[in-house]
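K.L.:
Okay, handing you the structure first.
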Amino acid sequence: MGKLCAVTSCLLLTVSAAAAQTAQPQIERLLPQWLTGIIAVSAFLFLVFVTLLVKKAWCEKPSRSVRGKTNVSMNKKKTAVESESDRENEFVVTNGNTYETNLDTIRRKSTVESTGENEFGNTYETTLEMVRSKEDPNAFDNLAFGSADDKVTSM
Amino acid sequence: MHTHTLSMENLSSDKGTINNPADIAIIVGYFIMVISVGIWSMFRTNRGTVGGYFLAGRTMTWWPVGASLFASNIGSGHFVGLAGTGAASGIAVGGFEWNALFIVLLLGWLFVPVYLTAGVITMPQYLKKRFGGTRISLYLSVISLFLYIFTKISVDMFSGAVFIQQALGWNIYVAVITLLLITALYTVTGGLAALMYTDTFQTFVIIAGAFVLTGFSFVQVGGYSALLAKYSSATPSNFSSMDPQRYNISPHCYTPRQDAFNLLRDPTTGDLPWPGVIFGIAIVGGWYWCTDQVIVQRCLAARSLTHVKAGCIMCGYLKLLPMFLMVFPGMISRILYPDEVGCVVPELCKMVCGTEVGCSNIAYPKLVVSIMPNGLRGLMLAVMLAALMSSLASIFNSSSTLFTMDIWTRIRPQATERELIIVGRVWVLCIVAISICWIPVVQAAQSGQLFDYIQSVSSYLAPPIASVFLLAVFVKRVNEMGAFWGLIGGLLMGLCRMLPEFWFGTGSCIFPSNCPYLVCGVHYLHFGIILFFCTSVLVLVVSYCTKPIEDQHLHRLVFSLRHSKEERKDLDWEQEERGRRAQREAEERIREMAQEEAKSGICHLVRRFCGGGGSEAPEQDAPEAPEKLPDISEDPVWKYTVDANALIMMTVAVFMWGYYA
């Protein structure tokens with residue numbers, strides 16, 4: 001798709017150049033070459049950025065019917081960083097044993113790659129929003145220690 | 001033909017051929033290195049099994065994979081064809097190379113994961129598992145072998161011949177036969193492992209030598225800006241017709257193109273229109289890089305998916321180079337020798353290079369002969385030999401894989417592993433013989449536009465295959481009927497264009513061909529795009545009208561199911577089972593016989609040399625599917641590294657396209 005944008009910008013160039021083509025030794029360029037290169041690169045990076053956003057948004061939407069069937073095996077749980085949202089999932093994945101007991105609190109929807117269970121319906125909410133502490137907007141509850149422990153460190 | 005030999009002697013006497021000690025020492029040294037790398041790699045892998053011989057035991061790291069991808073792709077055809085077309089029409093031909101940067105990423109990220117989990121060795125095997133039935137895989141094997149012989153082998157050998165004749169003045173048959181025998185030697189004995197390691201060495205030689213030549217040529221012409229300035233005035237001094245009754249030479253036949261330094265050219269009047277360059281080459285590239293046995297086999301030999309991806313990125317970076325190492329020197333060659341490389345009068349051209357159509361093909365050999373000092377000329381010859389041998393060896397190995405695993409196992413399902421390996425080796429020798437017999441045909445059909453010829457034949461025959469593979473991997477609904485009729489329909493459409501065009505001939509600027517506009521009017525790249533879409537539509541229409549394939553047959557055969565761990569009921573299960581049973585019975589019989597015969601010393605030596613280990617092999621065959629699933633999981637750290645690197649490479653590629661557009 002980056003190519004398409006590069007192409008449209010170059011189409012402008014070639015169309016104008018073709019129109020201006022008379023007896024000149026070379027096609028006159030509207031913009032210096034390095035500038036067209038930079039424009040193409042920026043268009044490409046923008047498209048990549050947009051694609052990443054779209055992918056992230058699409059992954060977070062409740063799309064059980066699509067996600068339930070595919071992906072992940074149990075033995076990949078420990079190092080399971082298949083998704084881009086590494087940051088969000090890390091803290092729940094690190095200690096597999098303690099995590100298991102708290103599943104009910106966050107059992108809601110799917111980011112399948114981040115969790116161990118993969119059966120249809122057993123999907124989990126793993127964004128940080130679920131564990132955001134009520135006292136301080138910048139603090140998060142540490143699920144691994146369970147609700148009995150009141151220690152909360154502000155980050 | 002006698003004028004041809006006359007011109008050869010003229011060239012060799014006044015330019016100096018490779019007959020001094022420095023050059024000869026380098027060439028001999030090169031051959032010794034190649035053979036020793038081949039022998040060393042023989043001891044590293046077990047070549048006694050099918051997996052060891054055809055897939056290098058799946059142990060290759062990323063750098064042999066990347067280097068082998070590059071060296072298998074770059075053949076002497078690239079040196080001669082890219083430089084020649086660059087001399088004739090400018091840098092747009094480099095678009096063929098730079099398009100591959102993106103396609104090779106498609107290969108590593110989208111296609112190879114599916115091929116790996118499918119657990120196949122050849123591409124027809126993949127189609128057989130995916131669709132069931134035997135006709136599609138048979139069709140693909142036959143047409144792949146056909147395409148190898150008519151496009152890749154013939155072009156590489158023709159270019160090698162051009163170079164040898166221009167630079168050395170050797171007898172073409174002696175030179176080619178020696179080359180082929182040396183190539184066959186390490187291909188036959190070493191299998192894929194030997195090929196990939198020698199390819200790595202040959203990649204170094206190719207790049208080093210080509211850099212040296214590029215340096216010299218830029219120095220000779222006066223720098224990059226001098227190239228830009230002087231190219232447009234590189235016209236020959238003789239451009240008036242010698243026989244005005246027969247033909248007249250219009251100025252646009254010998255004047256360099258005005259859009260010579262543009263990658264993207266006018267869609268109607270350009271010789272390489274920009275929609276064709278972007279989409280048409282992508283489609284043909286999709287066939288070449290993502291569905292063709294030669295390239296995919298190297299990826300399947302890697303030890304993990306991360307290594308495949310890293311190898312693909314390395315190959316992508318290397319593919320940035322041919323524009324600078326081959327196309328620009330070709331243009332410099334035209335600037336420095338406009339009367340030879342840029343000759344336009346047919347009689348003069350025939351004296352210079354033996355063809356009336358044009359002499360742009362001699363652009364690169366001319367540079368090698370004229371501006372390289374002693375010793376370095378030997379290096380350049382080693383470069384050309386490296387390119388030629390690496391490509392030919394890869395094609396030989398892959399075609400023998402195709403023939404052995406797809407055609408021979410159909411003829412004799414009870415073939416043991418040892419028999420398959422022997423058949424693979426014998427086929428390489430057969431195809432060497434075919435290539436030698438092909439030399440006179442290629443010489444007789446000397447056309448001026450070499451690169452154009454391969455690309456146009458590929459554009460007529462490859463898009464249906466690319467379309468079927470793309471749909472097979474991504475669309476579960478596509479079934480056997482759809483794929484088969486799509487392939488047949490696409491083949492017929494392609495032949496409708498290809499046969500008349502060959503019949504009427506492509507012609508030249510002075511003598512244009514009288515091919516009717518209806519057939520030849522559409523540019524071959526645009527035709528490729530149209531063919532691709534028509535085939536896809538046909539495949540989808542027929543598939544939706546017939547029964548779908550159930551999911552249980554498709555696990556790990558399509559992209560969306562590539563991670564599924566469920567049991568797959570193979571569509572070709574019965575066939576495989578019959579084959580396995582026959583194989584086991586045959587091996588039982590052999591083992592009984594082997595215990596009786598006495599092992600002589602010579603027998604033992606020959607068996608060791610050929611990588612025999614036939615008696616240990618069968619045990620691993622029996623427990624087939626469940627344990628042997630190739631793993632496509634990736635270590636997350638490396639996954640991110642590799643993904644980021646791919647993004648960087650794409651950014652560089654986009655910048656280069658934008659710069660030269």
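If you're wondering about the labels, chains in the structure tokens are A, B, ... by order shown, residues count from 1 in each chain, ligands from 1 in order shown.
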Within 6 Å of chain A, which residues belong to chain B? Use only C-alpha atoms and report them as a PyMOL selection string.
P.N.:
chain B and resi 232+258+563+636+654-655+658-659
K.L.:
Within 8 Å of Cys290 (chain B), counting only C-alpha atoms, which residues show up once you throw out same-chain ones fewer than 6 positions away? Write them as a VMD selection string, please.
P.N.:
chain B and resid 103 to 104 106 to 107 111 296
K.L.:
Rounded to one decimal, what separation in Å do you get between CA of Arg130 (chain B) and CA of Gln575 (chain B)?
P.N.:
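Going from CA of Arg130 (chain B) over to CA of Gln575 (chain B), I get 14.0 Å.
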K.L.:
Just checking: using only C-alpha atoms, which residue out of B:Gln293, B:Thr235, B:Ser400, B:Gln552 ends up closest to Arg334 (chain B)?
P.N.:
B:Thr235
K.L.:
Can you list, as a PyMOL selection string, every residue of region 392-590 of chain B that DSSP puts in alpha helix (DSSP H)?
P.N.:
chain B and resi 392-402+409-411+417-444+450-461+463-474+480-504+517-520+524-545+573-590
K.L.:
Fewer than 2 positions away in the same chain doesn't count, so skip those; otherwise give me all residues within 12 Å of Ala25 (chain B), counting only C-alpha atoms, as a list in words.
P.N.:
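Near neighbours after the sequence-gap exclusion: Ile18, Asn19, Asn20, Pro21, Ala22, Asp23, Ile27, Val28, Gly29, Tyr30, Phe31, Ile32, Asn374, Gly375, Leu376, Arg377, Gly378, Leu379, Leu381 and Ala382 of chain B.
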K.L.:
Mind writing the picked residues with C-alpha atoms as a PDB file, in the first residue's frame?
P.N.:
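Writing done, so here's out03.pdb:
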ATOM      1  CA  ILE B  18      42.475 -14.483 -20.158  1.00  0.00           C
ATOM      2  CA  ASN B  19      45.814 -15.995 -20.933  1.00  0.00           C
ATOM      3  CA  ASN B  20      48.143 -14.456 -18.392  1.00  0.00           C
ATOM      4  CA  PRO B  21      49.217 -16.148 -15.163  1.00  0.00           C
ATOM      5  CA  ALA B  22      47.381 -13.791 -12.779  1.00  0.00           C
ATOM      6  CA  ASP B  23      44.004 -14.410 -14.369  1.00  0.00           C
ATOM      7  CA  ILE B  27      40.228 -18.864 -11.893  1.00  0.00           C
ATOM      8  CA  VAL B  28      41.936 -22.062 -10.807  1.00  0.00           C
ATOM      9  CA  GLY B  29      41.866 -20.855  -7.210  1.00  0.00           C
ATOM     10  CA  TYR B  30      38.157 -20.155  -7.489  1.00  0.00           C
ATOM     11  CA  PHE B  31      37.381 -23.643  -8.728  1.00  0.00           C
ATOM     12  CA  ILE B  32      39.467 -25.224  -5.998  1.00  0.00           C
ATOM     13  CA  ASN B 374      45.084  -8.260 -15.508  1.00  0.00           C
ATOM     14  CA  GLY B 375      44.209 -10.452 -12.614  1.00  0.00           C
ATOM     15  CA  LEU B 376      40.937  -8.670 -12.036  1.00  0.00           C
ATOM     16  CA  ARG B 377      39.688  -9.946 -15.344  1.00  0.00           C
ATOM     17  CA  GLY B 378      40.164 -13.415 -13.967  1.00  0.00           C
ATOM     18  CA  LEU B 379      38.141 -12.317 -10.933  1.00  0.00           C
ATOM     19  CA  LEU B 381      35.331 -14.396 -15.030  1.00  0.00           C
ATOM     20  CA  ALA B 382      35.155 -16.157 -11.676  1.00  0.00           C
TER      21      ALA B 382
END
K.L.:
I'd like the interatomic distance between CA of His307 (chain B) and CA of Tyr53 (chain B), to a tenth of an Å.
P.N.:
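We find that CA of His307 (chain B) and CA of Tyr53 (chain B) lie 19.7 Å from each other.
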K.L.:
Rounded to one decimal in Å, what is the spacing between CA of Trp657 (chain B) and CA of Leu101 (chain B)?
P.N.:
10.9 Å
K.L.:
Find the residues near Ala184 (chain B): any atom within 8 Å, counting only C-alpha atoms, skip ones fewer than 3 places away on the same chain, and give them as a ChimeraX atom specification.
P.N.:
/B:180-181,187-188,393,428-429,432
K.L.:
Please provide as JSON, numbers by chain all residues within 12 Å of Tyr517 (chain B), with the sequence filter that same-chain residues fewer than 4 positions apart are discarded (counting only C-alpha atoms).
P.N.:
{"B": [497, 500, 501, 504, 513, 521, 522, 523]}
K.L.:
Just write the chosen residues, C-alpha atoms, as a PDB file, in the first residue's frame.
P.N.:
ATOM      1  CA  ARG B 497      -0.797 -14.836 -26.444  1.00  0.00           C
ATOM      2  CA  PRO B 500       1.254 -16.090 -31.929  1.00  0.00           C
ATOM      3  CA  GLU B 501       3.872 -13.773 -30.521  1.00  0.00           C
ATOM      4  CA  PHE B 504       5.329 -13.582 -35.650  1.00  0.00           C
ATOM      5  CA  SER B 513       7.047  -7.521 -36.271  1.00  0.00           C
ATOM      6  CA  GLY B 521      -0.904  -4.764 -28.511  1.00  0.00           C
ATOM      7  CA  VAL B 522      -1.160  -5.169 -24.767  1.00  0.00           C
ATOM      8  CA  HIS B 523       2.168  -4.959 -22.988  1.00  0.00           C
TER       9      HIS B 523
END
K.L.:
Which of these, B:Ala260, B:Ala415, B:Val542, B:Leu385, has the shortest distance to Ala175 (chain B) once you count only C-alpha atoms?
P.N.:
B:Leu385
K.L.:
Could you tell me which of B:Thr45, B:Thr409, B:Ser237, B:Thr546 comes closest to Thr255 (chain B) if we count only C-alpha atoms?
P.N.:
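Counting only C-alpha atoms, the residue closest to Thr255 (chain B) is B:Ser237.
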K.L.:
Residues near Tyr148 (chain B), anyone? I mean within 10 Å using only C-alpha atoms, not counting same-chain ones fewer than 2 positions away, as a ChimeraX atom specification.
P.N.:
/B:142-146,150-155,294,392,395-396,398-399
